[in-house]
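For reference, entry_18.cif (mmCIF, C-alpha atoms (C1' of nucleotides)):
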```cif
data_run
loop_
_atom_site.label_atom_id
_atom_site.label_comp_id
_atom_site.auth_asym_id
_atom_site.auth_seq_id
_atom_site.Cartn_x
_atom_site.Cartn_y
_atom_site.Cartn_z
CA MET A 1 7.91 40.79 26.00
CA PHE A 2 4.68 39.92 24.32
CA VAL A 3 6.07 38.25 21.29
CA LEU A 4 6.41 34.53 21.45
CA THR A 5 8.81 32.98 19.05
CA ARG A 6 7.19 30.11 17.32
CA PRO A 7 9.21 26.94 17.50
CA SER A 8 10.37 25.91 14.07
CA SER A 9 8.55 22.62 14.37
CA ALA A 10 5.32 24.59 14.34
CA ARG A 11 5.84 26.05 10.90
CA ARG A 12 2.62 27.23 9.44
CA TYR A 13 1.09 25.53 6.48
CA ASP A 14 -1.82 27.62 5.31
CA ARG A 15 -4.08 27.30 2.34
CA ARG A 16 -1.82 29.36 0.11
CA MET A 17 0.71 26.59 0.12
CA ASN A 18 0.23 23.75 -2.30
CA ASP A 19 1.04 20.12 -1.86
CA ALA A 20 1.61 17.63 -4.64
CA VAL A 21 -2.07 16.77 -4.92
CA ASP A 22 -3.01 20.40 -5.52
CA LEU A 23 -0.86 20.36 -8.65
CA PHE A 24 -2.47 17.12 -9.62
CA LEU A 25 -5.95 18.64 -9.30
CA ALA A 26 -4.97 21.81 -11.12
CA GLN A 27 -3.79 19.74 -14.06
CA TRP A 28 -7.09 17.92 -14.27
CA ALA A 29 -9.00 21.18 -13.97
CA ARG A 30 -7.11 22.55 -16.94
CA GLU A 31 -7.42 19.44 -19.06
CA ARG A 32 -10.89 18.25 -18.19
CA PRO A 33 -12.81 21.21 -16.74
CA ASP A 34 -16.01 19.25 -17.32
CA LEU A 35 -15.10 16.73 -14.63
CA ASP A 36 -15.53 17.11 -10.90
CA VAL A 37 -12.30 15.58 -9.70
CA SER A 38 -12.72 16.70 -6.10
CA PRO A 39 -12.85 13.10 -4.82
CA MET A 40 -9.21 12.83 -5.80
CA ALA A 41 -8.42 15.57 -3.29
CA ILE A 42 -9.11 13.05 -0.54
CA ILE A 43 -8.21 9.77 -2.15
CA GLY A 44 -5.02 11.08 -3.69
CA ARG A 45 -3.94 12.43 -0.35
CA THR A 46 -4.66 9.34 1.70
CA GLY A 47 -2.61 7.44 -0.85
CA ARG A 48 0.39 9.72 -0.66
CA LEU A 49 0.09 9.91 3.09
CA GLN A 50 0.14 6.18 3.40
CA GLN A 51 3.21 5.88 1.21
CA ILE A 52 5.12 8.57 3.05
CA LEU A 53 4.16 7.42 6.53
CA GLY A 54 4.78 3.80 5.60
CA ARG A 55 8.28 4.56 4.45
CA ARG A 56 9.17 6.60 7.51
CA ILE A 57 7.76 4.05 9.90
CA GLY A 58 9.60 1.30 8.08
CA ASP A 59 12.85 3.20 8.49
CA LEU A 60 12.30 3.60 12.22
CA LEU A 61 11.52 -0.07 12.67
CA ALA A 62 14.53 -1.04 10.60
CA GLU A 63 16.72 0.64 13.21
CA GLU A 64 15.27 -1.83 15.70
CA GLY A 65 15.93 -4.70 13.34
CA LEU A 66 12.30 -5.34 12.44
CA GLU A 67 10.39 -5.23 9.18
CA ARG A 68 7.02 -3.63 9.28
CA TRP A 69 5.13 -6.86 8.56
CA GLU A 70 6.99 -8.46 11.45
CA PHE A 71 5.99 -5.72 13.83
CA ASP A 72 2.39 -5.92 12.66
CA VAL A 73 2.11 -9.59 13.51
CA LEU A 74 3.94 -9.33 16.81
CA ALA A 75 1.88 -6.31 17.84
CA THR A 76 -1.36 -8.05 16.96
CA LEU A 77 -0.44 -10.94 19.24
CA ARG A 78 0.77 -8.61 21.96
CA ARG A 79 -2.33 -6.50 22.16
CA ALA A 80 -4.54 -9.56 22.23
CA GLY A 81 -3.27 -10.01 25.79
CA ALA A 82 -1.91 -13.01 27.66
CA PRO A 83 -1.21 -15.72 26.71
CA TYR A 84 -0.40 -13.84 23.51
CA ARG A 85 -1.70 -16.41 21.12
CA LEU A 86 -4.22 -16.29 18.30
CA THR A 87 -5.39 -18.63 15.59
CA GLY A 88 -4.21 -18.07 12.08
CA ARG A 89 -7.69 -17.08 11.08
CA ASP A 90 -7.82 -14.36 13.71
CA LEU A 91 -4.46 -13.03 12.62
CA VAL A 92 -5.70 -12.86 9.06
CA ARG A 93 -8.79 -10.97 10.10
CA MET A 94 -6.91 -8.49 12.21
CA THR A 95 -4.14 -7.67 9.77
CA MET A 96 -5.91 -7.40 6.40
CA VAL A 97 -3.63 -9.80 4.59
CA GLY A 98 -4.62 -13.03 2.88
CA SER A 99 -4.20 -16.40 4.51
CA SER A 100 -1.36 -17.41 2.24
CA ALA A 101 0.59 -14.30 3.16
CA MET A 102 0.03 -15.06 6.82
CA THR A 103 1.38 -18.58 6.41
CA ASN A 104 4.48 -17.05 4.90
CA ARG A 105 4.83 -14.45 7.64
CA VAL A 106 4.48 -16.94 10.44
CA ASP A 107 6.99 -19.23 8.75
CA ARG A 108 9.61 -16.54 8.84
CA LEU A 109 8.80 -15.37 12.36
CA VAL A 110 9.12 -18.95 13.57
CA LYS A 111 12.55 -19.12 11.96
CA ARG A 112 13.51 -16.00 13.92
CA ASP A 113 12.16 -17.55 17.11
CA LEU A 114 9.79 -14.65 17.67
CA VAL A 115 6.63 -16.79 17.52
CA HIS A 116 5.82 -20.44 17.83
CA ARG A 117 3.22 -22.36 15.89
CA GLU A 118 1.28 -25.42 16.96
CA VAL A 119 -1.86 -27.22 16.01
CA ASP A 120 -4.85 -26.34 18.18
CA PRO A 121 -5.69 -29.56 20.06
CA ASP A 122 -9.34 -28.53 20.35
CA ASN A 123 -9.74 -28.14 16.62
CA ARG A 124 -6.98 -29.58 14.58
CA ARG A 125 -7.82 -27.49 11.55
CA ARG A 126 -6.65 -24.47 13.42
CA VAL A 127 -3.14 -23.30 14.10
CA LEU A 128 -2.26 -21.41 17.24
CA VAL A 129 0.42 -18.79 16.83
CA GLY A 130 1.92 -17.37 19.99
CA LEU A 131 4.69 -15.02 21.01
CA THR A 132 7.86 -16.60 22.31
CA ASP A 133 9.56 -14.97 25.27
CA GLU A 134 11.87 -13.30 22.81
CA GLY A 135 8.96 -12.16 20.69
CA LEU A 136 7.19 -10.65 23.68
CA ALA A 137 10.33 -8.89 24.84
CA THR A 138 10.98 -7.60 21.34
CA VAL A 139 7.56 -6.13 20.75
CA ASP A 140 7.37 -4.62 24.22
CA ARG A 141 10.71 -2.97 23.67
CA VAL A 142 10.02 -1.73 20.15
CA VAL A 143 6.49 -0.48 20.57
CA GLU A 144 7.52 2.46 22.70
CA GLY A 145 9.83 3.94 20.12
CA HIS A 146 7.31 3.06 17.49
CA VAL A 147 4.47 5.16 18.89
CA ALA A 148 6.91 7.93 19.78
CA GLY A 149 8.09 7.98 16.17
CA GLU A 150 4.54 8.03 14.91
CA ALA A 151 3.75 10.96 17.18
CA VAL A 152 6.61 12.92 15.66
CA LEU A 153 5.29 12.26 12.16
CA LEU A 154 1.96 13.78 13.16
CA GLU A 155 3.37 16.87 14.83
CA GLY A 156 2.32 18.99 11.89
CA LEU A 157 -1.19 18.89 13.32
CA ASP A 158 -1.97 20.18 16.78
CA PRO A 159 -3.90 17.90 19.15
CA ASP A 160 -7.19 19.52 18.24
CA GLU A 161 -6.65 18.98 14.56
CA GLN A 162 -5.54 15.43 15.14
CA GLU A 163 -8.76 14.74 16.96
CA ARG A 164 -10.83 16.24 14.19
CA LEU A 165 -8.95 14.15 11.66
CA VAL A 166 -9.60 11.01 13.66
CA GLY A 167 -13.31 11.80 13.77
CA LEU A 168 -13.56 12.27 10.04
CA LEU A 169 -11.54 9.18 9.23
CA ARG A 170 -13.62 7.05 11.57
CA LYS A 171 -16.85 8.30 10.09
CA LEU A 172 -15.63 7.55 6.60
CA LEU A 173 -14.44 4.09 7.57
CA LEU A 174 -17.73 3.28 9.23
CA SER A 175 -19.60 4.36 6.12
CA LEU A 176 -17.44 1.95 4.15
CA GLY A 177 -18.43 -0.90 6.40
CA ASP A 178 -15.20 -1.13 8.38
CA GLY A 179 -16.90 -1.78 11.68
CA ALA A 180 -15.41 -3.49 14.67
CA PRO A 181 -16.04 -7.25 14.59
CA GLU A 182 -19.15 -8.02 16.65
CA MET W 1 -45.33 16.43 8.98
CA PHE W 2 -42.18 17.67 10.53
CA VAL W 3 -40.27 14.45 10.43
CA LEU W 4 -38.00 13.98 7.51
CA THR W 5 -37.06 10.47 6.70
CA ARG W 6 -33.37 10.23 6.29
CA PRO W 7 -32.26 8.47 3.15
CA SER W 8 -30.53 5.22 4.03
CA SER W 9 -27.37 6.37 2.32
CA ALA W 10 -27.10 9.07 4.95
CA ARG W 11 -26.90 6.68 7.86
CA ARG W 12 -25.44 8.32 10.87
CA TYR W 13 -22.12 7.27 12.22
CA ASP W 14 -21.64 8.96 15.54
CA ARG W 15 -18.93 8.62 18.13
CA ARG W 16 -20.75 5.83 19.93
CA MET W 17 -20.09 3.53 17.02
CA ASN W 18 -16.73 1.86 16.86
CA ASP W 19 -14.68 0.99 13.86
CA ALA W 20 -11.95 -1.61 13.70
CA VAL W 21 -9.28 0.80 14.87
CA ASP W 22 -11.20 1.64 18.04
CA LEU W 23 -10.96 -2.00 19.05
CA PHE W 24 -7.32 -1.93 18.20
CA LEU W 25 -6.77 1.07 20.47
CA ALA W 26 -8.85 -0.39 23.27
CA GLN W 27 -6.68 -3.48 23.24
CA TRP W 28 -3.52 -1.44 23.55
CA ALA W 29 -5.04 0.65 26.34
CA ARG W 30 -5.79 -2.51 28.29
CA GLU W 31 -2.41 -4.13 27.69
CA ARG W 32 -0.12 -1.14 27.83
CA PRO W 33 -1.91 1.64 29.70
CA ASP W 34 1.44 3.35 30.12
CA LEU W 35 1.70 4.08 26.40
CA ASP W 36 0.05 6.90 24.50
CA VAL W 37 -1.01 5.08 21.39
CA SER W 38 -3.15 7.91 20.04
CA PRO W 39 -0.97 8.31 16.94
CA MET W 40 -2.26 4.93 15.84
CA ALA W 41 -5.75 6.38 15.73
CA ILE W 42 -4.71 8.33 12.66
CA ILE W 43 -2.07 6.13 11.12
CA GLY W 44 -4.03 2.94 11.58
CA ARG W 45 -7.03 4.53 9.93
CA THR W 46 -5.24 5.95 6.93
CA GLY W 47 -3.82 2.50 6.41
CA ARG W 48 -7.14 0.73 6.51
CA LEU W 49 -8.74 3.44 4.43
CA GLN W 50 -6.13 3.06 1.75
CA GLN W 51 -6.58 -0.69 1.63
CA ILE W 52 -10.34 -0.50 1.43
CA LEU W 53 -10.46 2.32 -1.08
CA GLY W 54 -7.73 0.72 -3.16
CA ARG W 55 -9.62 -2.51 -3.43
CA ARG W 56 -12.90 -0.86 -4.38
CA ILE W 57 -11.28 1.39 -6.94
CA GLY W 58 -9.44 -1.57 -8.40
CA ASP W 59 -12.73 -3.43 -8.80
CA LEU W 60 -14.29 -0.50 -10.62
CA LEU W 61 -11.36 -0.15 -12.99
CA ALA W 62 -11.35 -3.88 -13.64
CA GLU W 63 -14.84 -3.52 -15.08
CA GLU W 64 -13.33 -1.19 -17.63
CA GLY W 65 -10.54 -3.64 -18.35
CA LEU W 66 -7.79 -1.68 -16.66
CA GLU W 67 -5.50 -2.40 -13.76
CA ARG W 68 -4.94 0.38 -11.33
CA TRP W 69 -1.28 0.83 -12.20
CA GLU W 70 -2.28 1.14 -15.84
CA PHE W 71 -4.78 3.84 -15.07
CA ASP W 72 -2.26 5.69 -12.93
CA VAL W 73 0.26 5.94 -15.75
CA LEU W 74 -2.29 6.81 -18.41
CA ALA W 75 -3.89 9.44 -16.20
CA THR W 76 -0.53 11.00 -15.41
CA LEU W 77 0.18 11.40 -19.10
CA ARG W 78 -3.33 12.64 -19.80
CA ARG W 79 -3.37 15.37 -17.21
CA ALA W 80 0.05 16.61 -18.31
CA GLY W 81 -1.78 17.97 -21.37
CA ALA W 82 -1.07 17.77 -25.09
CA PRO W 83 0.99 16.24 -26.55
CA TYR W 84 0.51 13.78 -23.67
CA ARG W 85 4.10 12.78 -23.31
CA LEU W 86 6.52 12.81 -20.40
CA THR W 87 10.01 11.54 -19.73
CA GLY W 88 10.46 8.43 -17.70
CA ARG W 89 11.97 10.49 -14.95
CA ASP W 90 8.90 12.70 -14.72
CA LEU W 91 6.62 9.70 -14.64
CA VAL W 92 8.63 8.28 -11.78
CA ARG W 93 8.42 11.52 -9.85
CA MET W 94 4.70 11.88 -10.35
CA THR W 95 3.66 8.35 -9.49
CA MET W 96 5.81 7.47 -6.48
CA VAL W 97 7.14 4.23 -7.89
CA GLY W 98 10.75 3.39 -8.51
CA SER W 99 12.35 3.65 -11.90
CA SER W 100 12.58 -0.09 -12.37
CA ALA W 101 8.87 -0.48 -11.74
CA MET W 102 8.19 2.24 -14.27
CA THR W 103 10.26 0.47 -16.91
CA ASN W 104 8.14 -2.57 -16.28
CA ARG W 105 4.88 -0.65 -16.43
CA VAL W 106 5.73 1.10 -19.66
CA ASP W 107 6.83 -2.20 -21.20
CA ARG W 108 3.42 -3.68 -20.61
CA LEU W 109 1.51 -0.58 -21.70
CA VAL W 110 3.49 -0.53 -24.94
CA LYS W 111 2.48 -4.14 -25.52
CA ARG W 112 -1.15 -3.11 -25.10
CA ASP W 113 -0.63 -0.22 -27.53
CA LEU W 114 -1.76 2.31 -24.94
CA VAL W 115 1.53 4.21 -24.91
CA HIS W 116 4.56 4.50 -27.15
CA ARG W 117 8.14 4.87 -26.07
CA GLU W 118 10.99 6.54 -27.90
CA VAL W 119 14.37 7.95 -27.10
CA ASP W 120 14.40 11.71 -26.60
CA PRO W 121 16.47 13.08 -29.51
CA ASP W 122 17.49 16.11 -27.43
CA ASN W 123 18.93 13.99 -24.66
CA ARG W 124 19.42 10.39 -25.52
CA ARG W 125 19.57 9.33 -21.89
CA ARG W 126 15.90 10.15 -21.63
CA VAL W 127 12.92 8.19 -22.81
CA LEU W 128 9.75 9.89 -23.92
CA VAL W 129 6.57 8.05 -23.11
CA GLY W 130 3.40 9.23 -24.80
CA LEU W 131 -0.22 8.21 -25.08
CA THR W 132 -1.25 6.51 -28.29
CA ASP W 133 -4.61 7.45 -29.79
CA GLU W 134 -6.01 4.36 -28.17
CA GLY W 135 -4.44 5.27 -24.84
CA LEU W 136 -5.89 8.75 -24.97
CA ALA W 137 -9.34 7.47 -25.87
CA THR W 138 -9.16 4.86 -23.13
CA VAL W 139 -8.21 7.20 -20.33
CA ASP W 140 -10.69 9.84 -21.39
CA ARG W 141 -13.44 7.26 -21.42
CA VAL W 142 -12.52 5.63 -18.12
CA VAL W 143 -11.76 8.69 -16.04
CA GLU W 144 -15.38 9.78 -15.87
CA GLY W 145 -16.60 6.58 -14.29
CA HIS W 146 -13.50 6.59 -12.14
CA VAL W 147 -14.18 9.90 -10.43
CA ALA W 148 -17.87 9.10 -10.20
CA GLY W 149 -17.01 5.87 -8.43
CA GLU W 150 -14.66 7.66 -6.10
CA ALA W 151 -17.37 10.16 -5.24
CA VAL W 152 -19.67 7.33 -4.22
CA LEU W 153 -17.02 5.92 -1.91
CA LEU W 154 -16.83 9.25 -0.11
CA GLU W 155 -20.57 9.76 0.27
CA GLY W 156 -20.35 8.90 3.94
CA LEU W 157 -19.04 12.42 4.48
CA ASP W 158 -21.05 15.47 3.52
CA PRO W 159 -19.37 18.13 1.36
CA ASP W 160 -18.44 20.18 4.38
CA GLU W 161 -16.77 17.29 6.10
CA GLN W 162 -14.97 16.34 2.93
CA GLU W 163 -13.54 19.81 2.71
CA ARG W 164 -12.40 19.75 6.32
CA LEU W 165 -10.78 16.38 5.70
CA VAL W 166 -8.94 17.74 2.67
CA GLY W 167 -7.64 20.66 4.70
CA LEU W 168 -6.29 18.46 7.44
CA LEU W 169 -4.71 15.99 5.05
CA ARG W 170 -3.05 18.75 3.09
CA LYS W 171 -1.65 20.34 6.20
CA LEU W 172 -0.26 17.04 7.36
CA LEU W 173 1.27 16.30 3.98
CA LEU W 174 2.90 19.71 3.82
CA SER W 175 4.38 19.20 7.25
CA LEU W 176 5.87 15.96 5.97
CA GLY W 177 7.55 17.76 3.11
CA ASP W 178 5.20 16.63 0.36
CA GLY W 179 5.21 19.97 -1.42
CA ALA W 180 4.37 20.53 -5.05
CA PRO W 181 7.51 20.49 -7.19
CA GLU W 182 8.13 24.18 -7.92
"C1'" DA S 1 -22.55 -43.73 11.40
"C1'" DT S 2 -21.86 -41.58 7.02
"C1'" DC S 3 -21.72 -38.37 3.16
"C1'" DG S 4 -21.37 -33.80 1.77
"C1'" DA S 5 -20.81 -29.02 3.10
"C1'" DA S 6 -18.21 -25.83 5.66
"C1'" DT S 7 -13.96 -24.26 7.84
"C1'" DA S 8 -8.87 -23.54 8.29
"C1'" DT S 9 -4.38 -23.80 6.55
"C1'" DT S 10 -0.84 -24.62 3.16
"C1'" DT S 11 1.02 -24.99 -1.49
"C1'" DC S 12 1.71 -23.24 -5.95
"C1'" DG S 13 2.11 -20.10 -9.83
"C1'" DA S 14 1.62 -15.44 -11.32
"C1'" DT S 15 2.43 -10.52 -10.43
"C1'" DG S 16 4.47 -6.43 -9.17
"C1'" DT S 17 7.65 -3.87 -6.45
"C1'" DC S 18 12.22 -2.59 -4.71
"C1'" DG S 19 17.32 -1.71 -4.56
"C1'" DA S 20 21.74 -2.36 -6.41
"C1'" DA S 21 24.46 -2.64 -10.32
"C1'" DA S 22 25.22 -2.10 -15.16
"C1'" DG S 23 24.99 0.57 -19.38
"C1'" DA S 24 24.56 4.67 -22.00
"C1'" DT S 25 24.75 9.60 -22.42
"C1'" DT S 26 25.66 14.30 -21.03
"C1'" DA S 27 27.70 17.91 -17.91
"C1'" DT S 28 31.68 19.83 -15.49
"C1'" DG S 29 36.24 21.29 -14.24
"C1'" DT S 30 40.80 21.88 -15.43
"C1'" DA X 1 39.85 17.98 -25.17
"C1'" DC X 2 39.71 14.70 -21.45
"C1'" DA X 3 38.77 12.42 -17.37
"C1'" DT X 4 35.41 12.30 -13.95
"C1'" DA X 5 31.04 13.04 -12.07
"C1'" DA X 6 26.22 13.21 -12.64
"C1'" DT X 7 21.93 11.77 -14.84
"C1'" DC X 8 18.63 8.53 -16.79
"C1'" DT X 9 17.06 3.99 -17.97
"C1'" DT X 10 17.24 -0.88 -17.91
"C1'" DT X 11 18.48 -5.39 -16.04
"C1'" DC X 12 18.67 -8.59 -12.43
"C1'" DG X 13 17.67 -11.03 -8.17
"C1'" DA X 14 15.18 -10.97 -3.94
"C1'" DC X 15 10.74 -10.48 -1.70
"C1'" DA X 16 6.08 -10.20 -0.52
"C1'" DT X 17 1.48 -10.48 -1.87
"C1'" DC X 18 -2.62 -12.53 -4.06
"C1'" DG X 19 -6.04 -16.05 -5.65
"C1'" DA X 20 -7.04 -20.66 -6.84
"C1'" DA X 21 -6.41 -25.31 -5.88
"C1'" DA X 22 -5.08 -28.89 -2.67
"C1'" DT X 23 -5.26 -30.89 1.91
"C1'" DA X 24 -7.00 -31.82 6.34
"C1'" DT X 25 -10.47 -31.55 9.79
"C1'" DT X 26 -15.00 -30.74 11.72
"C1'" DC X 27 -19.97 -29.92 11.41
"C1'" DG X 28 -24.72 -31.16 10.04
"C1'" DA X 29 -28.41 -33.58 8.24
"C1'" DT X 30 -30.32 -37.69 7.50
#
```
Output the file's structure in the form of structure tokens.
Amino acid sequence: MFVLTRPSSARRYDRRMNDAVDLFLAQWARERPDLDVSPMAIIGRTGRLQQILGRRIGDLLAEEGLERWEFDVLATLRRAGAPYRLTGRDLVRMTMVGSSAMTNRVDRLVKRDLVHREVDPDNRRRVLVGLTDEGLATVDRVVEGHVAGEAVLLEGLDPDEQERLVGLLRKLLLSLGDGAPE
Amino acid sequence: MFVLTRPSSARRYDRRMNDAVDLFLAQWARERPDLDVSPMAIIGRTGRLQQILGRRIGDLLAEEGLERWEFDVLATLRRAGAPYRLTGRDLVRMTMVGSSAMTNRVDRLVKRDLVHREVDPDNRRRVLVGLTDEGLATVDRVVEGHVAGEAVLLEGLDPDEQERLVGLLRKLLLSLGDGAPE
DNA sequence: ATCGAATATTTCGATGTCGAAAGATTATGT
DNA sequence: ACATAATCTTTCGACATCGAAATATTCGAT
């Protein structure tokens, strides 16, 4: 027995197969052969990827009773470590949303008793946002299924390919100035 | 003289340098060493990439007097080829927005005289949306600067790396079911 | 000490998206 | 033919975001 049956989850996607962006590019090539539209091969795909992954991840979180923006805030506080509190400014920096959106998010998380908000006594301009016990329990419970679900979404790439993808994405992000703070 | 000076645009970003997601992952590793959060290395980065690229591209289009959603619709019609008209349904399929959003988009493009809308006489449920002369001229003028701007954003990767990135993204998208419609 | 600049958050109005339901038209099965 | 299902678009209400302005507090220079 030298023939291994390939599990169906490892279906092969070779270069003969086309995704939606290939069609997209072929249309441009036909209509504007003078243009080099190859940048769209990357940018179009990161866009579609983000939409598809975002939707799937949102569905998984919905089963746990969380919206994605809720998980993002809770997870940011959680991974900051004990005592699981950050200033509003830090939350804004770490989540890529504007300050007004963060005010709104914290408002609603406070209403759900997942975080608490208080004025920083050391600097009363600041607001300290911290996980409640319920918030901590929630994020610690949900994060496991969350990363497991994400892993499933990426199963189309083997570990080697995933690592190569990470390397390329990091290099691109660094070139765009997305460095780690200090 | 055997030393070549490297142009500053070709700054090197090696694995010693950290981007924002590396910090993110390091925090999780410290707080929850039991979890394998490696999927976030990819998903976190595509997210940030999309945000950063989206903003930059939006800025470039704004200089031409277009919003990104406007360009997306005009470009979809343009690359469909003469006579540059599609049904609403097709536009929805090709742009990944819901039908109600498309109604809204077409409304506003009609007001700007960039597209026209009429009922399909062959099937009066359908709406045909087509580029006006002004819409065609606009998209043909703007698309050149658009792809040029996108190319600049990707300069952090050399052509070889860009190609490898495309291959990995396509494979991942195919595995997620994002195939080209027949 | 005090005035003006800088920092941090909130409020407000404008935008744009989504999903569900409504409305209009066409396809299907008997 | 006719009722019913399916298809396509629009309307409507709910949300979430953004940027600019408003508010409150602290810092800095004199």
At a cut-off of 7 Å, can you tabulate as a Markdown table every residue of chain W near chain A together with its closest atom pair and the distance in Å to one decimal, using all atoms listed in the file and ordering rows by chain then number?
```
| residue | atom | partner | partner_atom | distance |
| --- | --- | --- | --- | --- |
| W:Tyr13 | CA | A:Lys171 | CA | 5.8 |
| W:Asn18 | CA | A:Ala180 | CA | 5.9 |
| W:Asp19 | CA | A:Gly179 | CA | 4.2 |
| W:Ala20 | CA | A:Ala180 | CA | 4.1 |
| W:Leu23 | CA | A:Ala180 | CA | 6.4 |
| W:Gln27 | CA | A:Arg79 | CA | 5.4 |
| W:Trp28 | CA | A:Arg79 | CA | 5.4 |
| W:Glu31 | CA | A:Arg79 | CA | 6.0 |
| W:Val37 | CA | A:Val147 | CA | 6.0 |
| W:Pro39 | CA | A:Ala151 | CA | 5.4 |
| W:Ala41 | CA | A:Val166 | CA | 6.4 |
| W:Ile42 | CA | A:Val166 | CA | 5.7 |
| W:Arg45 | CA | A:Leu169 | CA | 6.5 |
| W:Thr46 | CA | A:Thr46 | CA | 6.3 |
| W:Gly47 | CA | A:Gln50 | CA | 6.2 |
| W:Leu49 | CA | A:Leu173 | CA | 6.5 |
| W:Gln50 | CA | A:Gly47 | CA | 6.2 |
| W:Arg79 | CA | A:Trp28 | CA | 5.4 |
| W:Ala80 | CA | A:Gln27 | CA | 6.5 |
| W:Gly81 | CA | A:Glu31 | CA | 6.3 |
| W:Val147 | CA | A:Val37 | CA | 6.0 |
| W:Glu150 | CA | A:Pro39 | CA | 5.9 |
| W:Ala151 | CA | A:Pro39 | CA | 5.4 |
| W:Gly156 | CA | A:Ser175 | CA | 5.1 |
| W:Leu157 | CA | A:Leu172 | CA | 6.3 |
| W:Leu165 | CA | A:Leu168 | CA | 6.6 |
| W:Val166 | CA | A:Ile42 | CA | 5.7 |
| W:Leu168 | CA | A:Leu165 | CA | 6.6 |
| W:Leu169 | CA | A:Arg45 | CA | 6.5 |
| W:Arg170 | CA | A:Asp19 | CA | 6.6 |
| W:Lys171 | CA | A:Tyr13 | CA | 5.9 |
| W:Leu172 | CA | A:Gly156 | CA | 5.6 |
| W:Leu173 | CA | A:Leu49 | CA | 6.6 |
| W:Leu174 | CA | A:Asp19 | CA | 6.0 |
| W:Ser175 | CA | A:Gly156 | CA | 5.1 |
| W:Asp178 | CA | A:Asp19 | CA | 5.9 |
| W:Gly179 | CA | A:Asp19 | CA | 4.2 |
| W:Ala180 | CA | A:Ala20 | CA | 4.0 |
```
Taking all atoms listed in the file into account and nothing else, which residues of chain A lie no more than 9 Å away from chain X? Please answer as a ChimeraX atom specification. /A:97-98,100-101,104,123-126
Could those selected residues go to a file with C-alpha atoms, as a PDB file, in the coordinates of the input?
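Result went into selection30.pdb, see below:
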```
ATOM      1  CA  VAL A  97      -3.630  -9.800   4.590  1.00  0.00           C
ATOM      2  CA  GLY A  98      -4.620 -13.030   2.880  1.00  0.00           C
ATOM      3  CA  SER A 100      -1.360 -17.410   2.240  1.00  0.00           C
ATOM      4  CA  ALA A 101       0.590 -14.300   3.160  1.00  0.00           C
ATOM      5  CA  ASN A 104       4.480 -17.050   4.900  1.00  0.00           C
ATOM      6  CA  ASN A 123      -9.740 -28.140  16.620  1.00  0.00           C
ATOM      7  CA  ARG A 124      -6.980 -29.580  14.580  1.00  0.00           C
ATOM      8  CA  ARG A 125      -7.820 -27.490  11.550  1.00  0.00           C
ATOM      9  CA  ARG A 126      -6.650 -24.470  13.420  1.00  0.00           C
TER      10      ARG A 126
END
```
Determine the nearest neighbour of S:DT10 from the options A:Asp113, A:Asp160, A:Glu70, A:Asp107, counting all atoms listed in the file.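 Smallest distance to S:DT10 is found for A:Asp107.
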For chain S, list the residues within 8 Å of chain A, counting only C-alpha atoms (C1' of nucleotides), and write the list as an mmCIF file with C-alpha atoms (C1' of nucleotides), in the coordinates of the input.
```cif
data_model
loop_
_atom_site.group_PDB
_atom_site.id
_atom_site.type_symbol
_atom_site.label_atom_id
_atom_site.label_comp_id
_atom_site.auth_asym_id
_atom_site.auth_seq_id
_atom_site.Cartn_x
_atom_site.Cartn_y
_atom_site.Cartn_z
ATOM 1 C "C1'" DT S 7 -13.960 -24.260 7.840
ATOM 2 C "C1'" DA S 8 -8.870 -23.540 8.290
ATOM 3 C "C1'" DT S 9 -4.380 -23.800 6.550
ATOM 4 C "C1'" DT S 10 -0.840 -24.620 3.160
#
```
For atom CA of A:Gly130 and atom CA of A:Leu114, quote the distance in Å rounded to one decimal.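 Going from atom CA of A:Gly130 over to atom CA of A:Leu114 covers 8.6 Å.
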In Å, rounded to a single decimal, give me how far atom CA of A:Gly135 is from atom CA of A:Leu61. 14.7 Å
Å distance separating atom CA of W:Arg108 from atom CA of W:Leu77, one decimal place: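 Between atom CA of W:Arg108 and atom CA of W:Leu77 the gap works out to 15.5 Å.
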So, counting only C-alpha atoms, which residue among W:Leu66, W:Leu109, W:Ile57, W:Val129 is closest to W:Leu91?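 Of all the options, W:Val129 lies closest to W:Leu91.
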